[in-house]
Amino acid sequence: MRLSRFTKSRKVPRKPSAASFRTEIIADVFVPEYAEDVRFFSRKQLNAGKLRRFSTRDLRESLAALFYLAVAAVLPVRWWSPICDWASRFRLKRHMRKDFPGYAAATRAVLGSDIDARKLFEALLAARHRRRMQLAAHLVARRWTPAIRLEGLEDLQAALQRGHGAILWCDQFTAQTMIGKRAMHEAGIEAHQVSVNTHGVSETAFGQRFLNPPMVRVENRFLKSRIVFDRDDAYQVTIRIQKMLRQNGVVMMTNTIHAGSTFTETALGESGWTHLASAPANFAARGKTALFAMSTFEVVPFREYRAVLSPELVPAVPALQAADTIRDGAKNMALQAHYILLKRDRLLQALKECPEQMMSWSRHERLTEAQDGIGISAEEGS
């Protein structure tokens with residue numbers, strides 16, 4: 001069902017380099033087994049914007065990188081976490097003024113009004129600094145060997161025996177970016193990562209030249225290949241992913257709505273809403289590819305991590321039977337909606353377990369009711 005109503009044109013935060021987009025509602029798809037709708041959106045770029053050369057954030061990230069490189073090279077592991085906690089308080093007043101109100105509204109809508117939103121927010125700031133420290137540790141701390149436990153590997157291996165590949169739909173927890181990929185590598189899984197050319201900590205020319213490459217190089221140690229997404233060449237990227245899946249490959253996709261041209265919205269928790277990428281569900285619905293949710297948690301900072309693969313996401317039998325009536329290769333939005341809700345349920349479970357490590361929270365209201373853009377963290381994990 002195509003809807004005629006459109007959202008307002010939206011822009012990312014006002015900067016000289018900002019691109020502008022128009023968000024359009026494609027359809028509301030009702031899922032009988034859940035008795036709820038999944039809303040599909042398209043995201044069309046109106047203006048590519050101008051690439052910014054340098055920002056004040058680049059200066060802060062550069063100084064932080066140098067600082068954490070020195071800490072990783074000189075101090076023992078037991079000092080790393082206290083130092084990250086200390087560093088996370090430097091700009092706390094500014095974060096509380098600018099970022100906390102939206103964060104508190106979103107987390108309370110999902111987890112309930114009884115949570116201590118300020119405690120979670122301060123813990124998230126510290127977790128982001130530990131993420132920076134993880135990068136420094138991978139670059140200079142040769143003796144750093146954290147314990148990484150991968151759960152759910154047996155189900156993934158069983159799915160790969162069918163020979164149609166698998167997609168790992170990864171959440172944006174702070175440990176996912178590097179530790180999640182490392183967990184798969186240490187388990188003997190050679191995975192491909194779908195990424196964007198601005199992946200890292202900065203989208204400026206300086207950031208792409210100096211700040212982002214170290215993170216990409218560290219991640220690439222644990223990957224078979226990286227598929228860089230280009231908005232102007234999405235068809236070719238899709239063909240590459242399909243080829244890898246036909247070769248029984250494992251493809252990791254991070255739940256970000258920024259790279260693709262479509263995404264979805266669904267209810268989350270008590271009264272919240274979340275935005276999920278549609279591409280993983282689309283690939284699973286179009287073929288026989290197995291789909292798994294993946295979340296990576298920090299258990300003991302810098303010492304112990306858990307990478308959790310869900311059981312295979314399999315829609316209910318009525319949805320699969322209905323899919324048989326759709327012509328081969330066609331987009332089946334009803335089947336995609338089932339996958340979206342299965343993924344939503346796994347995301348909610350993960351959020352309840354480690355909410356303080358989630359980098360990306362959607363807003364507490366629907367996208368069509370929001371006054372500005374979607375509340376997605378600038379630090380995307382992919």
# chains A, B, ... in the order shown; residues from 1 in each chain; ligands from 1

call {"tool": "select_by_dssp", "arguments": {"residues": "region 73-279 of chain A", "states": "strand (DSSP E)", "output": "ChimeraX atom specification"}}
result
/A:147-151,166-170,191-196,225-229,250-254,262-268,272-277

call {"tool": "residues_around", "arguments": {"residues": "region 104-106 of chain A", "least_positions_apart": "5", "cutoff": "8 Å", "atoms": "only C-alpha atoms", "output": "PyMOL selection string"}}
result
chain A and resi 117-118+121+272+361-364

call {"tool": "write_last_selection", "arguments": {"atoms": "N, CA, C and O atoms", "output": "compact mmCIF listing (two decimals), in the first residue's frame"}}
result
# COMPACT_ATOMS: atom_id res chain seq x y z
N ALA A 117 18.16 7.85 33.79
CA ALA A 117 18.67 8.24 32.48
C ALA A 117 20.03 8.93 32.57
O ALA A 117 20.89 8.75 31.72
N ARG A 118 20.22 9.73 33.62
CA ARG A 118 21.51 10.43 33.75
C ARG A 118 22.64 9.43 33.99
O ARG A 118 23.72 9.57 33.41
N PHE A 121 23.44 7.83 30.73
CA PHE A 121 24.10 8.77 29.82
C PHE A 121 25.57 8.94 30.18
O PHE A 121 26.45 8.92 29.30
N GLY A 272 8.32 3.80 22.79
CA GLY A 272 9.32 4.36 21.92
C GLY A 272 9.18 3.89 20.48
O GLY A 272 8.33 3.06 20.16
N TRP A 361 20.31 5.93 19.50
CA TRP A 361 18.93 5.85 19.98
C TRP A 361 18.04 6.69 19.07
O TRP A 361 18.36 7.85 18.78
N SER A 362 16.92 6.14 18.62
CA SER A 362 15.96 6.92 17.87
C SER A 362 15.17 7.80 18.84
O SER A 362 15.24 7.61 20.05
N ARG A 363 14.40 8.71 18.30
CA ARG A 363 13.66 9.62 19.17
C ARG A 363 12.44 8.94 19.77
O ARG A 363 12.00 7.89 19.32
N HIS A 364 11.87 9.59 20.78
CA HIS A 364 10.74 9.01 21.48
C HIS A 364 9.45 9.18 20.70
O HIS A 364 8.46 8.52 20.98

call {"tool": "atom_distance", "arguments": {"atom1": "CA of Met96 (chain A)", "atom2": "CA of Ser271 (chain A)"}}
result
23.2 Å

call {"tool": "closest_atom_pairs", "arguments": {"of": "region 341-372 of chain A", "to": "region 165-171 of chain A", "cutoff": "12 Å", "atoms": "only C-alpha atoms", "output": "JSON lines"}}
result
{"residue": "A:Leu342", "atom": "CA", "partner": "A:Trp169", "partner_atom": "CA", "distance": 11.4}
{"residue": "A:Lys343", "atom": "CA", "partner": "A:Trp169", "partner_atom": "CA", "distance": 8.2}
{"residue": "A:Arg344", "atom": "CA", "partner": "A:Asp171", "partner_atom": "CA", "distance": 10.6}
{"residue": "A:Arg346", "atom": "CA", "partner": "A:Asp171", "partner_atom": "CA", "distance": 9.8}
{"residue": "A:Leu347", "atom": "CA", "partner": "A:Asp171", "partner_atom": "CA", "distance": 7.4}
{"residue": "A:Leu348", "atom": "CA", "partner": "A:Asp171", "partner_atom": "CA", "distance": 10.7}
{"residue": "A:Gln349", "atom": "CA", "partner": "A:Asp171", "partner_atom": "CA", "distance": 11.6}
{"residue": "A:Ala350", "atom": "CA", "partner": "A:Asp171", "partner_atom": "CA", "distance": 8.8}
{"residue": "A:Leu351", "atom": "CA", "partner": "A:Asp171", "partner_atom": "CA", "distance": 9.7}
{"residue": "A:Cys354", "atom": "CA", "partner": "A:Asp171", "partner_atom": "CA", "distance": 11.7}
{"residue": "A:Pro355", "atom": "CA", "partner": "A:Asp171", "partner_atom": "CA", "distance": 11.7}
{"residue": "A:Gln357", "atom": "CA", "partner": "A:Asp171", "partner_atom": "CA", "distance": 10.5}
{"residue": "A:Met358", "atom": "CA", "partner": "A:Asp171", "partner_atom": "CA", "distance": 8.0}
{"residue": "A:Met359", "atom": "CA", "partner": "A:Asp171", "partner_atom": "CA", "distance": 9.1}
{"residue": "A:Ser360", "atom": "CA", "partner": "A:Asp171", "partner_atom": "CA", "distance": 8.8}
{"residue": "A:Trp361", "atom": "CA", "partner": "A:Asp171", "partner_atom": "CA", "distance": 10.9}

call {"tool": "write_last_selection", "arguments": {"atoms": "N, CA, C and O atoms", "output": "JSON list (two decimals), in the first residue's frame"}}
result
[["chain", "number", "residue", "atom", "x", "y", "z"],
["A", 342, "LEU", "N", 11.16, -9.26, 13.92],
["A", 342, "LEU", "CA", 12.02, -10.24, 14.59],
["A", 342, "LEU", "C", 13.31, -9.57, 15.06],
["A", 342, "LEU", "O", 13.78, -9.79, 16.19],
["A", 343, "LYS", "N", 13.88, -8.73, 14.20],
["A", 343, "LYS", "CA", 15.10, -8.00, 14.57],
["A", 343, "LYS", "C", 14.81, -7.01, 15.70],
["A", 343, "LYS", "O", 15.60, -6.86, 16.64],
["A", 344, "ARG", "N", 13.66, -6.35, 15.64],
["A", 344, "ARG", "CA", 13.27, -5.40, 16.69],
["A", 344, "ARG", "C", 13.23, -6.07, 18.06],
["A", 344, "ARG", "O", 13.70, -5.52, 19.06],
["A", 346, "ARG", "N", 14.92, -8.70, 19.06],
["A", 346, "ARG", "CA", 16.29, -8.98, 19.51],
["A", 346, "ARG", "C", 16.98, -7.69, 19.96],
["A", 346, "ARG", "O", 17.73, -7.69, 20.94],
["A", 347, "LEU", "N", 16.71, -6.60, 19.27],
["A", 347, "LEU", "CA", 17.30, -5.32, 19.66],
["A", 347, "LEU", "C", 16.81, -4.91, 21.05],
["A", 347, "LEU", "O", 17.60, -4.46, 21.89],
["A", 348, "LEU", "N", 15.52, -5.06, 21.30],
["A", 348, "LEU", "CA", 14.98, -4.68, 22.61],
["A", 348, "LEU", "C", 15.60, -5.53, 23.70],
["A", 348, "LEU", "O", 15.94, -5.02, 24.78],
["A", 349, "GLN", "N", 15.77, -6.80, 23.45],
["A", 349, "GLN", "CA", 16.40, -7.68, 24.43],
["A", 349, "GLN", "C", 17.83, -7.23, 24.73],
["A", 349, "GLN", "O", 18.27, -7.20, 25.89],
["A", 350, "ALA", "N", 18.57, -6.86, 23.69],
["A", 350, "ALA", "CA", 19.95, -6.41, 23.88],
["A", 350, "ALA", "C", 19.99, -5.07, 24.61],
["A", 350, "ALA", "O", 20.85, -4.84, 25.47],
["A", 351, "LEU", "N", 19.06, -4.17, 24.29],
["A", 351, "LEU", "CA", 19.03, -2.87, 24.96],
["A", 351, "LEU", "C", 18.77, -3.02, 26.45],
["A", 351, "LEU", "O", 19.35, -2.30, 27.27],
["A", 354, "CYS", "N", 22.25, -4.17, 28.07],
["A", 354, "CYS", "CA", 23.35, -3.18, 28.18],
["A", 354, "CYS", "C", 22.95, -1.86, 27.54],
["A", 354, "CYS", "O", 23.53, -1.45, 26.52],
["A", 355, "PRO", "N", 21.97, -1.15, 28.10],
["A", 355, "PRO", "CA", 21.53, 0.10, 27.46],
["A", 355, "PRO", "C", 22.62, 1.17, 27.44],
["A", 355, "PRO", "O", 22.64, 2.01, 26.54],
["A", 357, "GLN", "N", 25.63, 0.98, 26.66],
["A", 357, "GLN", "CA", 26.63, 0.80, 25.61],
["A", 357, "GLN", "C", 26.07, 1.03, 24.21],
["A", 357, "GLN", "O", 26.80, 0.90, 23.23],
["A", 358, "MET", "N", 24.80, 1.39, 24.09],
["A", 358, "MET", "CA", 24.20, 1.64, 22.78],
["A", 358, "MET", "C", 24.49, 3.07, 22.33],
["A", 358, "MET", "O", 24.15, 4.04, 23.01],
["A", 359, "MET", "N", 25.14, 3.20, 21.17],
["A", 359, "MET", "CA", 25.51, 4.53, 20.68],
["A", 359, "MET", "C", 24.36, 5.23, 19.97],
["A", 359, "MET", "O", 24.38, 6.46, 19.84],
["A", 360, "SER", "N", 23.40, 4.51, 19.46],
["A", 360, "SER", "CA", 22.39, 5.09, 18.58],
["A", 360, "SER", "C", 20.99, 4.85, 19.14],
["A", 360, "SER", "O", 20.55, 3.71, 19.24],
["A", 361, "TRP", "N", 20.31, 5.93, 19.50],
["A", 361, "TRP", "CA", 18.93, 5.85, 19.98],
["A", 361, "TRP", "C", 18.04, 6.69, 19.07],
["A", 361, "TRP", "O", 18.36, 7.85, 18.78]]

call {"tool": "residues_around", "arguments": {"residues": "region 84-91 of chain A", "least_positions_apart": "6", "cutoff": "10 Å", "atoms": "only C-alpha atoms", "output": "JSON, numbers by chain"}}
result
{"A": [64, 68, 122, 123, 124, 125, 126, 127, 128, 129, 130, 131, 132, 133]}

call {"tool": "atom_distance", "arguments": {"atom1": "CA of Asn248 (chain A)", "atom2": "CA of Leu160 (chain A)"}}
result
6.5 Å

call {"tool": "residues_around", "arguments": {"residues": "Asp37 (chain A)", "least_positions_apart": "4", "cutoff": "12 Å", "atoms": "only C-alpha atoms", "output": "MDAnalysis selection string"}}
result
chainID A and resid 1 27:33 264:268 273 333:334 336:338 340:341
